[in-house]
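Q: Quick one: structure below, then a few questions.
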Amino acid sequence: MDIQGAHRVRPWVEKANATYPVLVDKQARVAAAFGVDYVPFAALIDENGMVVQSAFPSNIADSRHRTAVSNWAHTGTFVENAGESTKRNKAGGFESTDAELYFSLAGQLLQTGETASALVQLKNALKLEPGNWVIKKQIWAIENPERFYKGNVDYKWQRTQLESEKLAQTINRDD
């Protein structure tokens with residue numbers, strides 16, 4: 001899922017030597033269908049197109065997640081990681097129809113090269129859904145591509161950003 005499109009995802013697919021089809025969801029429709037506002041997530045779908053396991057927090061770089069998915073692929077049984085805290089999905093993707101519209105407009109603006117205007121629309125969406133990780137990460141990726149598309153994704157930087165935002169919110173509340 002990347003609002004900027006397949007060209008941003010392709011290097012990661014190539015690095016993984018993926019031998020399966022990869023769909024890039026520029027409009028976050030998959031997240032909306034599964035009712036998630038966080039990334040990364042996974043949903044397990046069998047060869048018949050049946051959802052075996054609805055969306056769950058997942059990072060294939062985490063050996064526990066990789067093992068769980070590998071076990072499912074080999075045995076057909078999915079067992080979530082014991083003791084791991086997971087955020088459950090909501091009833092529908094975006095909580096606000098307006099946030100979804102802003103996100104969609106941002107995607108259209110990016111396609112026409114209007115990055116600054118797209119960022120305005122994404123920030124409008126984020127104001128409506130400040131906890132929506134999908135929106136937040138798309139903003140960060142556009143504003144800081146070196147943290148997402150050059151080498152490894154900089155998760156430490158993302159954690160620092162979150163802490164900075166929490167501190168700013170605390171300061172603003174105290175004022």
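So you can find residues: chains in the structure tokens are A, B, ... in the order shown, residues in each start at 1, and ligands are numbered from 1 in order.
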List the spatial neighbours of range 103-108 of chain A as a PDB file with C-alpha atoms, in the first residue's frame - criterion: any atom at most 7 Å away, only C-alpha atoms, same-chain residues fewer than 3 positions off excluded.

A:
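Writing the result to out31.pdb gives the following:
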ATOM      1  CA  ILE A   3      -0.256   6.301  -2.356  1.00  0.00           C
ATOM      2  CA  LYS A  26      -2.661   3.448  -4.052  1.00  0.00           C
ATOM      3  CA  GLN A  27      -6.074   4.289  -2.593  1.00  0.00           C
ATOM      4  CA  ALA A  99     -10.857  11.593   5.590  1.00  0.00           C
ATOM      5  CA  GLU A 100     -11.271   8.937   2.912  1.00  0.00           C
ATOM      6  CA  GLN A 111      -0.726  11.292 -10.146  1.00  0.00           C
ATOM      7  CA  THR A 112      -0.672  14.732 -11.737  1.00  0.00           C
ATOM      8  CA  ALA A 118      -1.530  16.262  -2.163  1.00  0.00           C
ATOM      9  CA  LEU A 119       0.236  16.791   1.155  1.00  0.00           C
ATOM     10  CA  GLN A 121      -5.125  16.910   1.469  1.00  0.00           C
ATOM     11  CA  LEU A 122      -3.362  14.135   3.407  1.00  0.00           C
ATOM     12  CA  ALA A 125      -7.344  13.653   6.390  1.00  0.00           C
TER      13      ALA A 125
END

Q: Per residue of range 65-164 of chain A within 12 Å of range 10-24 of chain A, what are the shortest atom pair and its distance in Å to one decimal, counting only C-alpha atoms, with rows by chain and residue number, as CSV?

A:
residue,atom,partner,partner_atom,distance
A:Phe148,CA,A:Trp12,CA,10.3
A:Tyr149,CA,A:Pro11,CA,8.2
A:Lys150,CA,A:Pro11,CA,9.5
A:Gly151,CA,A:Trp12,CA,9.4
A:Asn152,CA,A:Trp12,CA,9.3
A:Val153,CA,A:Trp12,CA,10.2

Q: Mind pulling up the distance from CA of Asn48 in chain A to CA of Val69 in chain A?

A: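 Between these atoms lies a distance of 17.3 Å.
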
Q: Extract the full set of helix (DSSP H, G or I) residues from chain A according to DSSP on the backbone, and format it as an NGL selection string.

A: :A and (6-15 or 29-34 or 63-75 or 97-111 or 115-128 or 133-143 or 145-147 or 155-174)

Q: In Å, with one decimal, what is the gap from CA of Ala42 in chain A to CA of Phe56 in chain A?

A: 5.6 Å

Q: To one decimal in Å, tell me the separation between CA of Gln161 in chain A and CA of Val134 in chain A.

A: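 Straight-line distance from CA of Gln161 in chain A to CA of Val134 in chain A works out to 14.7 Å.
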
Q: For the strand (DSSP E) assignment from backbone DSSP, which residues of chain A qualify? Please present them as a ChimeraX atom specification.

A: /A:41-45,51-57

Q: Output N, CA and C atoms for every residue in the selection just made, as a PDB file, in the first residue's frame.

A:
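The resulting out_9.pdb:
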ATOM      1  N   PHE A  41       0.379  -4.580   7.812  1.00  0.00           N
ATOM      2  CA  PHE A  41      -0.595  -5.580   8.211  1.00  0.00           C
ATOM      3  C   PHE A  41      -0.614  -6.659   7.140  1.00  0.00           C
ATOM      4  N   ALA A  42      -1.184  -7.782   7.503  1.00  0.00           N
ATOM      5  CA  ALA A  42      -1.315  -8.883   6.558  1.00  0.00           C
ATOM      6  C   ALA A  42      -2.713  -9.472   6.705  1.00  0.00           C
ATOM      7  N   ALA A  43      -3.173 -10.065   5.654  1.00  0.00           N
ATOM      8  CA  ALA A  43      -4.402 -10.851   5.659  1.00  0.00           C
ATOM      9  C   ALA A  43      -4.077 -12.107   4.868  1.00  0.00           C
ATOM     10  N   LEU A  44      -4.499 -13.236   5.351  1.00  0.00           N
ATOM     11  CA  LEU A  44      -4.184 -14.484   4.664  1.00  0.00           C
ATOM     12  C   LEU A  44      -5.383 -14.906   3.812  1.00  0.00           C
ATOM     13  N   ILE A  45      -5.113 -15.064   2.532  1.00  0.00           N
ATOM     14  CA  ILE A  45      -6.151 -15.412   1.555  1.00  0.00           C
ATOM     15  C   ILE A  45      -5.687 -16.663   0.833  1.00  0.00           C
ATOM     16  N   VAL A  51     -10.802 -15.565   2.583  1.00  0.00           N
ATOM     17  CA  VAL A  51     -10.026 -14.978   3.670  1.00  0.00           C
ATOM     18  C   VAL A  51      -9.915 -16.015   4.784  1.00  0.00           C
ATOM     19  N   VAL A  52      -8.692 -16.435   5.047  1.00  0.00           N
ATOM     20  CA  VAL A  52      -8.424 -17.424   6.083  1.00  0.00           C
ATOM     21  C   VAL A  52      -8.203 -16.726   7.421  1.00  0.00           C
ATOM     22  N   GLN A  53      -7.494 -15.618   7.391  1.00  0.00           N
ATOM     23  CA  GLN A  53      -7.232 -14.838   8.593  1.00  0.00           C
ATOM     24  C   GLN A  53      -7.382 -13.375   8.230  1.00  0.00           C
ATOM     25  N   SER A  54      -8.308 -12.707   8.891  1.00  0.00           N
ATOM     26  CA  SER A  54      -8.521 -11.292   8.625  1.00  0.00           C
ATOM     27  C   SER A  54      -7.266 -10.509   9.004  1.00  0.00           C
ATOM     28  N   ALA A  55      -7.282  -9.232   8.703  1.00  0.00           N
ATOM     29  CA  ALA A  55      -6.123  -8.381   8.902  1.00  0.00           C
ATOM     30  C   ALA A  55      -5.585  -8.466  10.323  1.00  0.00           C
ATOM     31  N   PHE A  56      -4.261  -8.514  10.413  1.00  0.00           N
ATOM     32  CA  PHE A  56      -3.584  -8.536  11.701  1.00  0.00           C
ATOM     33  C   PHE A  56      -2.246  -7.820  11.534  1.00  0.00           C
ATOM     34  N   PRO A  57      -1.750  -7.199  12.605  1.00  0.00           N
ATOM     35  CA  PRO A  57      -0.455  -6.520  12.513  1.00  0.00           C
ATOM     36  C   PRO A  57       0.613  -7.532  12.135  1.00  0.00           C
TER      37      PRO A  57
END
